[in-house]
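Asker: I'd like to ask you about the structure that follows.
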Amino acid sequence: MDPVTRRTFLQTTAAAATTLALPSLGKGWYALAGGAEAAYFEKEFGITDALCRKVLAQALGKGGDFAELYFEHTVSNWLGLEDGKVNRAFGQVDLGVGIRTVAGDQIGYGFTQQLDEASMLAAAATAATIASGSATTPAAALAWGKVGSFYPLDRLLSEVPLEPKVQLVQTLNERCFAGSKLIAKVTAQLHDQQKRILIVTSDGVKVEDLQPRVYLQATVVAEKDGKRERAGWNYGGRRSLSFFTPEVVADIARQATDRALIMFEAVPAPAGEVPVVLGPGVTGVLLHEAIGHGMEADFNRKGMSTYATMLGRKVAEPFVTILDDGTVPELLGAINVDDEGTPGQRTVLVDKGILTSYMHDRISARHYKVKPTGNGRRQSYQHYIQPRMRNTYMLAGPSTPEELIRQAGTGIYVQDVANGEVKIGEGDFAFYVSQGRMIQGGKLGAPIKDINIMGNGPKMLANTIGVANDFEFARQGTGACGKGGQGVPVGFGQPTILVKSLTVGGVKA
Amino acid sequence: MNKDMREIAAGAIKIATDAGAWAAAADITSRRRVEIGYRERKPETIKESSTRDLQLSLYVDGRYSAQGTSDLRPAALKRFVTDAVAATRLIAPDPMRTLPDPKYYQGRVERDLGLVDPAYSSWTAADRHAWAKTLEAACLARGKDRLVSVSTQVSDSHVDHLRLASNGFEGVEESTFYQAVLRVTAQDQGDRRPNGFNFAVAMSRKALPSPEEIGAVAADRTLALLGAKKIKTETLPIIIENRGVDRVIGSLLEAMSGRAVQQKQSFLADKKGQRIASELLTLVDDPFVPGGLGSSLFDGEGMTAKRRVMIDAGVLKELWVSWYYSRKLGCEPTSGGSFNLLIPPGKRSVAEIMKDLGRGILITDFIGGNSNSTTGDASVGISGQLFDKGQIAHPVSEMNIAGNTLAFWSNLVEVANDPWLYGGDRYPSLVFKDVVVAGV
């Protein structure tokens with residue numbers, strides 16, 4: 001057991017190149033943008049402006065710069081298939097409010113699962129203990145703030161009946177078995193989550209959002225000549241369940257079975273430093289670990305990050321531009337508004353090779369005297385805000401993937417990444433390659449699997465010597481990032497890139 | 001015990017059975033937690049909470065679902081349970097899914113597992129602040145101006161848990177829990193700022209090291225990372241420090257579950273009774289360790305806890321098999337998960353072993369990595385200390401070890417005498433020979 005929570009991907013599954021485009025975005029009938037359609041928490045739980053102001057006043061009862069209330073009502077469902085039948089269902093309802101008082105860089109936090117006045121005032125009194133001055137007063141009136149609309153739904157997830165969901169999982173199972181006679185076992189699951197939040201700040205802003213999340217996943221085990229291999233695949237995001245068309249379901253099954261079958265051909269990977277080509281899509285986990293976490297402003301404010309004194313410096317070649325973006329429609333890291341009321345937006349981390357901006361929440365933005373970038377996020381009402389990534393990706397460059405593979409000569413091609421981790425201060429990072437290829441003579445060779453690849457963030461950026469024109473977002477629905485004991489959904493994207501050298505953790509000395 | 005907990009659990013089961021459920025079980029957990037963080041000699045965070053959550057397992061017309069909620073208002077709970085029973089009817093039947101046979105509830109001997117600190121109620125806000133301040137001060141005193149940042153966190157919890165099942169199980173557990181954590185950053189050459197940490201967890205305050213010691217060790221562990229280098233790829237003996245063993249033994253444990261075996265996702269599926277590791281590896285699952293973080297009289301389904309030798313001198317003796325997977329596999333259940341895992345300590349200290357080995361790497365931390373329980377393939381990044389001629393030479397980082405789990409564990413050549421007592425499972429440092437450590 002390791003209670004020291006570090007920055008680790010919890011459960012990204014593998015992904016790779018597909019030619020499917022993002023579905024076109026219609027303006028859903030259900031889009032919360034503040035104003036007339038909002039006020040879910042007032043209707044359902046009697047949360048009025050007057051009550052919020054009273055609780056905020058209590059939270060600022062001993063002073064402090066600002067306070068906020070974060071109401072959450074989340075309904076999550078899982079349907080699981082094992083041994084041919086959808087024979088297990090799991091559900092979870094979370095309801096509560098978190099109350100934060102901020103004094104400088106100090107945070108007081110209380111939360112309660114009871115949304116009555118007395119319980120909320122008690123939680124606010126806990127938050128207030130961080131300050132020790134005289135009371136400050138919240139804004140006299142509350143007004144709806146602006147939020148984006150990056151994940152309109154054609155139907156609320158809570159209104160989709162169980163039967164078609166069961167059918168979806170059942171069909172996925174059949175598709176997997178139909179894919180090959182070598183498939184011995186299939187497990188599949190459908191997850192859907194509907195998170196409703198109301199944020200009320202002592203500055204007088206209130207915003208509501210409805211954050212959907214879905215994924216459909218298959219894991220298959222194949223048997224051949226007494227050997228077994230396992231692989232999985234999923235798609236998802238902040239989408240309606242109608243996203244899972246028969247074609248998408250078939251694609252999930254095909255991706256999972258193809259990956260399991262090719263592993264029988266895998267050869268041992270080398271150990272040591274070699275050129276590495278990262279294929280498009282989910283390999284963006286590399287950016288998340290190598291630079292993303294190190295650019296979260298709290299680590300820099302405290303001097304904990306290797307990037308703490310690098311702002312404005314050239315860190316990469318001019319063809320490298322890296323963004324963190326809450327506005328990519330339907331991607332897992334999309335947010336209409338962050339969890340402290342700042343509207344969803346995009347932030348350029350590296351602009352044509354120059355390190356340009358950290359990712360900020362309100363506390364770090366004040367410290368650096370800049371505007372918050374909309375990166376203030378939290379796992380739930382039980383957690384306080386930290387600067388966190390959203391969708392992190394690198395823009396396309398001038399090369400072709402084939403050119404980069406040729407340029408690598410002898411090395412490793414990374415196709416699917418399962419998880420990663422970084423040490424913020426050293427900048428050392430690792431990511432786990434569930435599947436890839438050898439590169440020999442400038443061409444893709446035999447498959448490889450289950451290898452950890454390591455590098456150092458600033459060195460990796462400087463050593464990114466080629467970026468291709470095949471940019472792609474990962475469309476997985478399971479990407480979760482862990483930091484300080486909190487998990488939040490995040491997304492990735494990347495074109496094919498060539499890194500001059502990384503340490504490959506293979507077995508051949 | 002929160003006195004209405006039993007009432008809520010029994011009430012939820014009654015609503016379920018009234019709505020037509022054949023059987024039901026309820027777990028209700030009440031938790032109070034306080035957390036204080038310090039940085040720059042002032043509080044950075046203060047957080048306090050009380051939560052109460054209900055988890056229900058429902059068995060309806062041969063079908064199964066599990067549902068959780070924190071909304072325990074009577075009307076809301078009634079609607080929640082009734083809806084859950086109705087929804088369960090819509091999924092496929094699973095004849096293997098039932099509550100455990102009540103015979104597995106029997107034989108429980110009530111005894112004090114030392115899970116409640118009698119001094120917990122006298123632990124005040126002032127005590128928490130004093131601890132956090134002392135941790136920070138001790139770390140700063142040791143590390144001085146070489147440290148860039150020191151964050152400390154002290155937290156404690158009091159937990160009540162009750163499980164009730166409609167076929168006669170009732171069990172309660174009360175526990176307290178203290179944790180101290182430091183995250184430390186030091187300035188190295190250039191832009192490198194090694195992050196070190198130290199932590200200790202225990203069920204009673206007396207079982208923790210002093211805050212002075214925890215803080216000083218945090219500084220020492222961080223300063224030991226300064227000047228880390230990557231060396232050439234080399235086949236070496238490695239010593240995995242006691243507190244890091246949980247990270248490498250995971251690839252073995254994952255394959256030892258009944259579910260992994262039944263789903264053909266375990267490389268140990270047909271290995272029960274066979275040698276799977278060096279004869280130096282004995283792994284015991286002991287539910288009755290006094291003050292052990294995983295100590296309990298029953299498992300998650302209420303089955304009576306038993307001490308089990310899982311691996312005996314390298315031979316796989318047992319798997320963790322829950323009631324459900326025991327029925328699917330047609331074997332006896334053991335327990336759905338582990339309690340406290342122990343590897344009996346050896347005779348020599350890490351320093352003595354290093355002297356004997358001459359050259360190798362003492363691994364003190366890991367990065368990334370994963371394993372494949374179907375095949376046993378594993379790969380993980382490491383950092384630690386290179387030792388040469390029996391003496392620490394310099395720190396290493398950004399290196400990697402990889403291989404097949406079975407081959408790796410057959411190369412276990414010594415178990416040290418130093419089980420670490422301040423985390424969950426209690427492992428001593430372990431020594432492996434002939435490991436390819438990937439570097440430059």
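In the structure tokens, the first chain shown is A, the next is B, and so on; residue numbers restart at 1 for each chain, and ligands run from 1 in the order shown.
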Quick one: everything within 7 Å of segment 132-146 of chain A, counting only C-alpha atoms, minus sequence neighbours fewer than 5 positions away in the same chain. Send it as a VMD selection string.

Answerer: chain A and resid 33 to 35 49 53 56 to 57 60 to 64 202 to 207 343

Asker: Would you list the contacts of Ala122 of chain A as number ranges by chain, taking every protein, DNA or RNA residue within 10 Å and counting only C-alpha atoms, but skipping same-chain residues closer than 4 positions in sequence?

Answerer: A: 55, 58-59, 110-112, 117-118, 126-128

Asker: What are the closest atom pairs, with distances in Å to one decimal, for all residues of segment 66-114 of chain B lying within 10 Å of segment 16-38 of chain B? Consider only C-alpha atoms, order rows by chain and residue number, and present the result as a Markdown table.

Answerer:
```
| residue | atom | partner | partner_atom | distance |
| --- | --- | --- | --- | --- |
| B:Ala66 | CA | B:Ala25 | CA | 9.4 |
| B:Gln67 | CA | B:Ala26 | CA | 9.7 |
| B:Gly68 | CA | B:Asp27 | CA | 9.3 |
| B:Thr69 | CA | B:Ile28 | CA | 9.9 |
| B:Ser70 | CA | B:Ile28 | CA | 9.7 |
| B:Lys78 | CA | B:Ala16 | CA | 8.8 |
| B:Phe80 | CA | B:Ala16 | CA | 9.8 |
| B:Val81 | CA | B:Ala16 | CA | 6.1 |
| B:Thr82 | CA | B:Ala19 | CA | 6.2 |
| B:Asp83 | CA | B:Ala19 | CA | 9.2 |
| B:Ala84 | CA | B:Ala16 | CA | 8.5 |
| B:Val85 | CA | B:Ala16 | CA | 6.5 |
| B:Ala86 | CA | B:Ala19 | CA | 8.1 |
| B:Thr88 | CA | B:Ala21 | CA | 9.2 |
| B:Arg89 | CA | B:Ala21 | CA | 9.5 |
| B:Thr98 | CA | B:Ala23 | CA | 7.9 |
| B:Leu99 | CA | B:Ala23 | CA | 7.3 |
```

Asker: Kindly export the residues of the current selection with C-alpha atoms, as a compact mmCIF listing (two decimals), in the first residue's frame.

Answerer:
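The resulting file, again.txt, is reproduced below:
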```txt
# COMPACT_ATOMS: atom_id res chain seq x y z
CA ALA B 66 -24.78 -4.18 -6.48
CA GLN B 67 -25.81 -0.62 -5.74
CA GLY B 68 -24.40 2.14 -3.58
CA THR B 69 -25.72 5.43 -2.30
CA SER B 70 -24.99 8.10 0.25
CA LYS B 78 -36.91 3.28 -0.32
CA PHE B 80 -33.50 3.68 -4.57
CA VAL B 81 -33.76 0.08 -3.32
CA THR B 82 -37.11 -0.60 -4.99
CA ASP B 83 -35.82 0.74 -8.33
CA ALA B 84 -32.62 -1.28 -7.97
CA VAL B 85 -34.57 -4.51 -7.42
CA ALA B 86 -36.70 -3.77 -10.48
CA THR B 88 -31.91 -6.23 -11.51
CA ARG B 89 -34.78 -8.20 -13.09
CA THR B 98 -25.85 -16.32 -4.43
CA LEU B 99 -24.90 -15.25 -0.93
```

Asker: Within 12 Å of Glu208 of chain A, counting only C-alpha atoms, which residues qualify if same-chain residues fewer than 4 places away don't, as a PyMOL selection string?

Answerer: chain A and resi 31-42+69-73+143-149+195-201+335-343

Asker: When you look at Gly442 of chain A with a cut-off of 6 Å (counting only C-alpha atoms), what residues show up, excluding the ones that are within fewer than 4 positions of it in the same chain? I need them as a PyMOL selection string.

Answerer: chain A and resi 405-406+409

Asker: Could you write those residues out with N, CA and C atoms, as a PDB file, in the first residue's frame?

Answerer:
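Result written to part-v4.pdb:
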```pdb
ATOM      1  N   ILE A 405       9.540   6.832 -39.607  1.00  0.00           N
ATOM      2  CA  ILE A 405       9.938   5.440 -39.371  1.00  0.00           C
ATOM      3  C   ILE A 405      11.250   5.148 -40.104  1.00  0.00           C
ATOM      4  N   ARG A 406      11.360   5.678 -41.323  1.00  0.00           N
ATOM      5  CA  ARG A 406      12.596   5.491 -42.082  1.00  0.00           C
ATOM      6  C   ARG A 406      13.760   6.170 -41.372  1.00  0.00           C
ATOM      7  N   GLY A 409      15.392   4.363 -38.467  1.00  0.00           N
ATOM      8  CA  GLY A 409      16.350   3.324 -38.828  1.00  0.00           C
ATOM      9  C   GLY A 409      16.129   2.047 -38.044  1.00  0.00           C
TER      10      GLY A 409
END
```
